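Worksheet: the structure to be examined is printed underneath.
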Amino acid sequence: MFDGAPLAAIERFVEERLWPASSAVDRADRLPLDHFEAIAELGLHGMVVPVDQGGLGLDPSTVRRILRLLGSGCGATSFAFAQHHGTVGAVAASDNETLRARWLPALVDHSLAGIAYAHLRRPGPPVLRAEPDGDGWVLDGTAPWVTSWGTAAVFGVAAATNDGRMVWALVPGKVSQGLSVARTFDLMVYGATQTVALRFDRYRVDADMVVSVIDFDRWTRKDRFLAARPNPLCLGVGDRALACLADHAPELVDELAGWWGEVGDRAEVQAKAVDGGTAELTEVAAARAETLLAVQRLATALLAAVGGSAMQLDHPAQRLSRETMFYLIQAQSAEGRQAVFDRLAGHDEHRSGPFQRR
């Protein structure tokens, strides 16, 4: 196992705390802080941080397994918590010793971090730019989708430069000179994550808050694979839908379980290929598309099995269905979108399954 809470303890937390509260969180205005306090007590804030820096140093497969468990409990909580690791991992890998000394202990111990970089995946001119300013940088523009505003203590923010680089900076999670909330989103699901658009107006980043400055094209080549990976949180939604089906249509579960296990196995194969740098982008995207549509089928089967009760906002069937729509859209890339279209059109090699026409 690993030097932290065993998976059994995480499973108990999911079943006893996260899942029972998930309907209430779905309709709440903000994320429950006690969820993150409990996650911190399990030692999971530093699970991607090396042991010699105070973290657990877990391998990527174990991290995915944990995120999948959390995703089966509370979608909003797990989505916000998953974003923490992009920032804490970047801080741990940073060459900025001052930054690491100031922020890493708290982020590993209890403080929640957010992240804002998806805007760099957009085609066209960058919407958030960084300009050099002495030994620091000035950020100007908009980060259109930022999750956990008002909950996260700090955010990892990425901005493009005019000379083909990108700057990663730590930005405290509060309105300040040059930083404001441009918009608060009213989302169909995960509304408690307090997702906002942030406006940067000549916002100054001092040198001690710069995480890294890297080549933009090199980052983009790597990010295409990361964006195309199957999401373990989405797999967790599928796990929960299957578990709920056992209560409403147990005659389906035996057949579905084997098929669902194969879907998850193929997803993990491709995730490991990305980890090892041996992946083919089309194959990774195909596995992501298979996962997305498989989870959607499970959620739809649950809706059909439950019937009219699923129309109630406090019923998990409709919420799980909304969560599947979220992951169909989230982190969408050209390759991922085409893979979904191909699968819907039947142009794939894993079309057999319990929901296929026979």
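Residues in the structure tokens are numbered from 1 in each chain, the chains being A, B, ... in the order shown, and ligands are numbered from 1 in the order shown.
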
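Every protein or nucleic acid residue with an atom no more than 9 Å from Asp29 of chain A, counting only C-alpha atoms and leaving out same-chain residues fewer than 4 positions away, appears here: Val25, Gly191, Ala192, Thr193 and Gln194 of chain A.
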
Could the residues in this selection be saved with N, CA and C atoms as a PDB file, in the first residue's frame?
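In the end it all went to again_31.pdb:
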```
ATOM      1  N   VAL A  25     -24.518  18.949  -1.243  1.00  0.00           N
ATOM      2  CA  VAL A  25     -23.438  19.730  -1.831  1.00  0.00           C
ATOM      3  C   VAL A  25     -23.810  20.177  -3.239  1.00  0.00           C
ATOM      4  N   GLY A 191     -22.069  23.503  -9.007  1.00  0.00           N
ATOM      5  CA  GLY A 191     -22.204  24.909  -8.698  1.00  0.00           C
ATOM      6  C   GLY A 191     -21.495  25.295  -7.409  1.00  0.00           C
ATOM      7  N   ALA A 192     -21.371  24.351  -6.487  1.00  0.00           N
ATOM      8  CA  ALA A 192     -20.712  24.640  -5.210  1.00  0.00           C
ATOM      9  C   ALA A 192     -19.222  24.893  -5.367  1.00  0.00           C
ATOM     10  N   THR A 193     -18.663  24.582  -6.533  1.00  0.00           N
ATOM     11  CA  THR A 193     -17.227  24.790  -6.733  1.00  0.00           C
ATOM     12  C   THR A 193     -16.872  26.259  -6.906  1.00  0.00           C
ATOM     13  N   GLN A 194     -17.876  27.128  -6.959  1.00  0.00           N
ATOM     14  CA  GLN A 194     -17.619  28.568  -7.073  1.00  0.00           C
ATOM     15  C   GLN A 194     -16.660  28.854  -8.234  1.00  0.00           C
TER      16      GLN A 194
END
```

Can you list, as a PyMOL selection string, all residues belonging to segment 117-325 of chain A that DSSP tags as strand (DSSP E)?
chain A and resi 128-133+136-146+154-160+165-172+179-184+196-205+210-215

Would you save the residues of that selection, restricted to N, CA and C atoms, as a short mmCIF file (atom, residue, chain, number, x, y, z; two decimals), in the first residue's frame?
```
data_model
loop_
_atom_site.label_atom_id
_atom_site.label_comp_id
_atom_site.auth_asym_id
_atom_site.auth_seq_id
_atom_site.Cartn_x
_atom_site.Cartn_y
_atom_site.Cartn_z
N LEU A 128 -4.81 35.54 -21.66
CA LEU A 128 -4.06 35.98 -20.48
C LEU A 128 -2.58 35.99 -20.84
N ARG A 129 -1.98 37.16 -20.74
CA ARG A 129 -0.58 37.32 -21.13
C ARG A 129 0.28 37.71 -19.93
N ALA A 130 1.56 37.37 -20.04
CA ALA A 130 2.54 37.75 -19.02
C ALA A 130 3.65 38.57 -19.69
N GLU A 131 3.98 39.71 -19.08
CA GLU A 131 5.05 40.56 -19.58
C GLU A 131 6.12 40.68 -18.50
N PRO A 132 7.40 40.61 -18.89
CA PRO A 132 8.45 40.76 -17.88
C PRO A 132 8.43 42.15 -17.26
N ASP A 133 8.71 42.20 -15.97
CA ASP A 133 8.71 43.46 -15.24
C ASP A 133 9.77 43.37 -14.15
N GLY A 136 10.21 40.23 -11.92
CA GLY A 136 8.92 39.56 -11.86
C GLY A 136 8.18 39.66 -13.18
N TRP A 137 6.86 39.54 -13.11
CA TRP A 137 6.03 39.57 -14.31
C TRP A 137 4.76 40.35 -14.03
N VAL A 138 4.13 40.82 -15.09
CA VAL A 138 2.83 41.46 -15.00
C VAL A 138 1.85 40.64 -15.81
N LEU A 139 0.72 40.26 -15.20
CA LEU A 139 -0.32 39.50 -15.88
C LEU A 139 -1.44 40.44 -16.31
N ASP A 140 -1.92 40.23 -17.54
CA ASP A 140 -2.97 41.09 -18.07
C ASP A 140 -3.91 40.24 -18.93
N GLY A 141 -5.21 40.31 -18.62
CA GLY A 141 -6.19 39.55 -19.38
C GLY A 141 -7.15 38.81 -18.45
N THR A 142 -7.65 37.69 -18.95
CA THR A 142 -8.70 36.96 -18.23
C THR A 142 -8.38 35.48 -18.14
N ALA A 143 -8.61 34.90 -16.98
CA ALA A 143 -8.63 33.44 -16.80
C ALA A 143 -10.09 33.05 -16.75
N PRO A 144 -10.66 32.49 -17.84
CA PRO A 144 -12.11 32.38 -17.96
C PRO A 144 -12.77 31.35 -17.05
N TRP A 145 -12.04 30.30 -16.65
CA TRP A 145 -12.66 29.25 -15.83
C TRP A 145 -11.74 28.92 -14.66
N VAL A 146 -12.12 29.38 -13.49
CA VAL A 146 -11.30 29.17 -12.29
C VAL A 146 -12.20 28.58 -11.21
N VAL A 154 -4.69 29.47 -2.65
CA VAL A 154 -3.79 29.97 -3.67
C VAL A 154 -4.10 29.25 -4.98
N PHE A 155 -3.77 29.89 -6.09
CA PHE A 155 -4.03 29.32 -7.41
C PHE A 155 -2.75 29.31 -8.24
N GLY A 156 -2.54 28.23 -8.96
CA GLY A 156 -1.50 28.19 -9.97
C GLY A 156 -2.09 28.74 -11.26
N VAL A 157 -1.56 29.85 -11.74
CA VAL A 157 -2.10 30.54 -12.92
C VAL A 157 -1.05 30.55 -14.01
N ALA A 158 -1.46 30.19 -15.22
CA ALA A 158 -0.55 30.16 -16.36
C ALA A 158 -0.90 31.27 -17.34
N ALA A 159 0.12 31.92 -17.87
CA ALA A 159 -0.09 32.99 -18.85
C ALA A 159 0.97 32.89 -19.94
N ALA A 160 0.60 33.27 -21.16
CA ALA A 160 1.50 33.20 -22.30
C ALA A 160 2.31 34.49 -22.42
N ARG A 165 6.86 31.63 -24.62
CA ARG A 165 6.98 30.93 -23.35
C ARG A 165 5.66 31.03 -22.59
N MET A 166 5.60 30.33 -21.47
CA MET A 166 4.46 30.48 -20.56
C MET A 166 4.98 30.60 -19.14
N VAL A 167 4.33 31.45 -18.38
CA VAL A 167 4.71 31.71 -17.00
C VAL A 167 3.68 31.07 -16.08
N TRP A 168 4.16 30.27 -15.14
CA TRP A 168 3.31 29.74 -14.07
C TRP A 168 3.58 30.56 -12.82
N ALA A 169 2.53 31.09 -12.24
CA ALA A 169 2.68 31.91 -11.03
C ALA A 169 1.68 31.46 -9.98
N LEU A 170 2.04 31.67 -8.72
CA LEU A 170 1.10 31.46 -7.62
C LEU A 170 0.41 32.78 -7.32
N VAL A 171 -0.91 32.72 -7.27
CA VAL A 171 -1.72 33.90 -7.02
C VAL A 171 -2.62 33.63 -5.82
N PRO A 172 -2.51 34.39 -4.74
CA PRO A 172 -3.40 34.19 -3.59
C PRO A 172 -4.87 34.30 -4.00
N LEU A 179 -6.49 42.39 -9.48
CA LEU A 179 -7.14 41.09 -9.58
C LEU A 179 -8.58 41.21 -9.10
N SER A 180 -9.52 40.83 -9.96
CA SER A 180 -10.93 40.93 -9.61
C SER A 180 -11.71 39.78 -10.24
N VAL A 181 -12.91 39.55 -9.73
CA VAL A 181 -13.80 38.54 -10.29
C VAL A 181 -14.64 39.21 -11.38
N ALA A 182 -14.46 38.74 -12.61
CA ALA A 182 -15.19 39.31 -13.73
C ALA A 182 -16.58 38.71 -13.87
N ARG A 183 -16.72 37.46 -13.45
CA ARG A 183 -18.01 36.79 -13.60
C ARG A 183 -18.05 35.57 -12.70
N THR A 184 -19.21 35.29 -12.14
CA THR A 184 -19.45 34.06 -11.39
C THR A 184 -20.44 33.22 -12.20
N VAL A 196 -15.43 30.83 -11.37
CA VAL A 196 -15.50 32.24 -11.76
C VAL A 196 -14.55 32.50 -12.93
N ALA A 197 -14.71 33.67 -13.52
CA ALA A 197 -13.71 34.22 -14.44
C ALA A 197 -12.95 35.30 -13.69
N LEU A 198 -11.62 35.23 -13.73
CA LEU A 198 -10.79 36.22 -13.05
C LEU A 198 -10.22 37.21 -14.06
N ARG A 199 -10.24 38.47 -13.67
CA ARG A 199 -9.69 39.53 -14.50
C ARG A 199 -8.39 40.03 -13.90
N PHE A 200 -7.34 40.03 -14.72
CA PHE A 200 -6.02 40.53 -14.31
C PHE A 200 -5.77 41.84 -15.04
N ASP A 201 -5.62 42.92 -14.28
CA ASP A 201 -5.34 44.24 -14.84
C ASP A 201 -3.97 44.70 -14.36
N ARG A 202 -2.96 44.38 -15.17
CA ARG A 202 -1.58 44.73 -14.81
C ARG A 202 -1.25 44.20 -13.41
N TYR A 203 -1.58 42.97 -13.19
CA TYR A 203 -1.37 42.33 -11.88
C TYR A 203 0.11 41.95 -11.75
N ARG A 204 0.75 42.42 -10.73
CA ARG A 204 2.17 42.21 -10.54
C ARG A 204 2.44 40.90 -9.81
N VAL A 205 3.33 40.07 -10.38
CA VAL A 205 3.78 38.82 -9.77
C VAL A 205 5.25 38.99 -9.41
N VAL A 210 6.85 33.18 -8.63
CA VAL A 210 6.95 32.56 -9.95
C VAL A 210 7.32 31.08 -9.79
N VAL A 211 6.44 30.21 -10.26
CA VAL A 211 6.68 28.76 -10.16
C VAL A 211 7.68 28.32 -11.21
N SER A 212 7.45 28.73 -12.47
CA SER A 212 8.34 28.33 -13.56
C SER A 212 8.06 29.18 -14.78
N VAL A 213 9.02 29.18 -15.69
CA VAL A 213 8.86 29.80 -17.01
C VAL A 213 9.36 28.77 -18.01
N ILE A 214 8.46 28.30 -18.89
CA ILE A 214 8.78 27.17 -19.75
C ILE A 214 8.37 27.46 -21.19
N ASP A 215 8.87 26.63 -22.10
CA ASP A 215 8.55 26.77 -23.52
C ASP A 215 7.09 26.38 -23.77
#
```

In segment 2-242 of chain A, what's helix (DSSP H, G or I) per DSSP? Answer as a VMD selection string?
chain A and resid 7 to 26 33 to 41 44 to 46 51 to 53 60 to 71 75 to 93 97 to 109 118 to 121 191 to 193 207 to 209 216 to 228 232 to 242

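Distance check against Ala271 of chain A using only C-alpha atoms: of A:Tyr190, A:Trp103, A:Phe225, A:Trp19, the minimum falls on A:Phe225.
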
Would you pick out the contacts of Arg68 of chain A at 9 Å or less, using only C-alpha atoms, so that residues sharing its chain but fewer than 5 positions from it are not included, and give the list as an MDAnalysis selection string?
chainID A and resid 63 73 78 231:237 239

Output for the residues just chosen: C-alpha atoms as a short mmCIF file (atom, residue, chain, number, x, y, z; two decimals), in the first residue's frame:
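Heads up, here's the output in result-v6.cif:
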```
data_model
loop_
_atom_site.label_atom_id
_atom_site.label_comp_id
_atom_site.auth_asym_id
_atom_site.auth_seq_id
_atom_site.Cartn_x
_atom_site.Cartn_y
_atom_site.Cartn_z
CA VAL A 63 -3.35 8.56 -7.42
CA GLY A 73 -18.56 9.99 -3.52
CA SER A 78 -13.54 15.57 -5.83
CA ASN A 231 -10.56 11.01 -16.26
CA PRO A 232 -10.57 8.91 -13.06
CA LEU A 233 -13.25 11.17 -11.57
CA CYS A 234 -15.52 10.27 -14.47
CA LEU A 235 -14.80 6.59 -13.87
CA GLY A 236 -15.87 7.17 -10.27
CA VAL A 237 -19.23 8.47 -11.50
CA ASP A 239 -18.76 3.18 -10.40
#
```

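In this comparison, which uses only C-alpha atoms, the residue of A:Trp149, A:Tyr327, A:Phe185, A:Phe36 approaching Ser111 of chain A most closely is A:Phe36.
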
Using only C-alpha atoms, which residue out of A:Thr282, A:Gln53, A:Ser61, A:Thr161 lies closest to Ala92 of chain A?
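That would be A:Gln53, the residue with the smallest distance to Ala92 of chain A.
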
Find the spatial neighbours of Leu18 of chain A, counting only C-alpha atoms, within a cut-off of 10 Å - ignore same-chain residues fewer than 3 positions away - and output them as a PDB file with N, CA and C atoms, in the first residue's frame.
```
ATOM      1  N   GLU A  11     -12.130   4.563   1.402  1.00  0.00           N
ATOM      2  CA  GLU A  11     -13.440   4.025   1.020  1.00  0.00           C
ATOM      3  C   GLU A  11     -14.480   4.311   2.100  1.00  0.00           C
ATOM      4  N   ARG A  12     -14.112   4.163   3.374  1.00  0.00           N
ATOM      5  CA  ARG A  12     -15.056   4.466   4.458  1.00  0.00           C
ATOM      6  C   ARG A  12     -15.439   5.935   4.440  1.00  0.00           C
ATOM      7  N   PHE A  13     -14.458   6.796   4.228  1.00  0.00           N
ATOM      8  CA  PHE A  13     -14.741   8.224   4.163  1.00  0.00           C
ATOM      9  C   PHE A  13     -15.707   8.541   3.018  1.00  0.00           C
ATOM     10  N   VAL A  14     -15.492   7.903   1.883  1.00  0.00           N
ATOM     11  CA  VAL A  14     -16.370   8.126   0.732  1.00  0.00           C
ATOM     12  C   VAL A  14     -17.797   7.682   1.048  1.00  0.00           C
ATOM     13  N   GLU A  15     -17.934   6.483   1.613  1.00  0.00           N
ATOM     14  CA  GLU A  15     -19.268   5.932   1.841  1.00  0.00           C
ATOM     15  C   GLU A  15     -19.976   6.560   3.035  1.00  0.00           C
ATOM     16  N   ALA A  21     -23.557  13.098   1.717  1.00  0.00           N
ATOM     17  CA  ALA A  21     -23.701  14.556   1.646  1.00  0.00           C
ATOM     18  C   ALA A  21     -23.758  15.077   0.217  1.00  0.00           C
ATOM     19  N   SER A  22     -23.597  14.223  -0.773  1.00  0.00           N
ATOM     20  CA  SER A  22     -23.400  14.686  -2.146  1.00  0.00           C
ATOM     21  C   SER A  22     -24.596  15.438  -2.715  1.00  0.00           C
ATOM     22  N   SER A  23     -25.814  15.025  -2.387  1.00  0.00           N
ATOM     23  CA  SER A  23     -26.991  15.737  -2.893  1.00  0.00           C
ATOM     24  C   SER A  23     -27.071  17.143  -2.313  1.00  0.00           C
ATOM     25  N   VAL A  25     -24.518  18.949  -1.243  1.00  0.00           N
ATOM     26  CA  VAL A  25     -23.438  19.730  -1.831  1.00  0.00           C
ATOM     27  C   VAL A  25     -23.810  20.177  -3.239  1.00  0.00           C
ATOM     28  N   HIS A  35     -15.124  18.747   4.368  1.00  0.00           N
ATOM     29  CA  HIS A  35     -14.701  17.669   3.464  1.00  0.00           C
ATOM     30  C   HIS A  35     -13.198  17.728   3.231  1.00  0.00           C
ATOM     31  N   LEU A  70     -12.829   8.990  -4.730  1.00  0.00           N
ATOM     32  CA  LEU A  70     -13.419  10.256  -4.316  1.00  0.00           C
ATOM     33  C   LEU A  70     -14.495  10.705  -5.307  1.00  0.00           C
ATOM     34  N   GLY A  71     -14.249  10.458  -6.595  1.00  0.00           N
ATOM     35  CA  GLY A  71     -15.223  10.825  -7.608  1.00  0.00           C
ATOM     36  C   GLY A  71     -16.520  10.061  -7.494  1.00  0.00           C
ATOM     37  N   SER A  72     -16.470   8.881  -6.903  1.00  0.00           N
ATOM     38  CA  SER A  72     -17.696   8.106  -6.698  1.00  0.00           C
ATOM     39  C   SER A  72     -18.498   8.606  -5.498  1.00  0.00           C
ATOM     40  N   GLY A  73     -17.896   9.503  -4.728  1.00  0.00           N
ATOM     41  CA  GLY A  73     -18.563   9.991  -3.522  1.00  0.00           C
ATOM     42  C   GLY A  73     -19.257  11.318  -3.705  1.00  0.00           C
ATOM     43  N   CYS A  74     -18.490  12.346  -4.025  1.00  0.00           N
ATOM     44  CA  CYS A  74     -19.050  13.686  -4.203  1.00  0.00           C
ATOM     45  C   CYS A  74     -18.349  14.342  -5.376  1.00  0.00           C
ATOM     46  N   GLY A  75     -19.087  14.561  -6.444  1.00  0.00           N
ATOM     47  CA  GLY A  75     -18.478  15.085  -7.657  1.00  0.00           C
ATOM     48  C   GLY A  75     -17.860  16.448  -7.467  1.00  0.00           C
ATOM     49  N   THR A  77     -16.799  18.037  -4.672  1.00  0.00           N
ATOM     50  CA  THR A  77     -15.633  17.999  -3.795  1.00  0.00           C
ATOM     51  C   THR A  77     -14.436  17.388  -4.510  1.00  0.00           C
ATOM     52  N   SER A  78     -14.644  16.269  -5.179  1.00  0.00           N
ATOM     53  CA  SER A  78     -13.535  15.569  -5.827  1.00  0.00           C
ATOM     54  C   SER A  78     -12.973  16.369  -6.986  1.00  0.00           C
TER      55      SER A  78
END
```

Quick one: everything within 7 Å of Gly336 of chain A, counting only C-alpha atoms, minus sequence neighbours fewer than 6 positions away in the same chain. Send it as a list in words.
Ala228, Ala285 and Ala289 of chain A

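For segment 317-319 of chain A, the residues within 7 Å (counting only C-alpha atoms, excluding itself and residues fewer than 2 positions away along the chain) are Ala299, Leu302, Leu303, Ala310, Met311, His315, Ser321, Arg322 and Glu323 of chain A.
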
May I ask for the distance between atom CA of Val175 of chain A and atom CA of His45 of chain A, given in Å to one decimal place?
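Distance between the two atoms: 24.6 Å.
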
Kindly indicate which residue among A:Gln312, A:Pro125, A:Gly57, A:Leu242 lies nearest to Glu255 of chain A, using only C-alpha atoms for the distances.
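Of all the options, A:Leu242 lies closest to Glu255 of chain A.
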
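Proximity to Ala90 of chain A was assessed for A:His110, A:Ala305, A:Gly46, A:Gly124 counting only C-alpha atoms; the smallest distance is recorded for A:Gly46.
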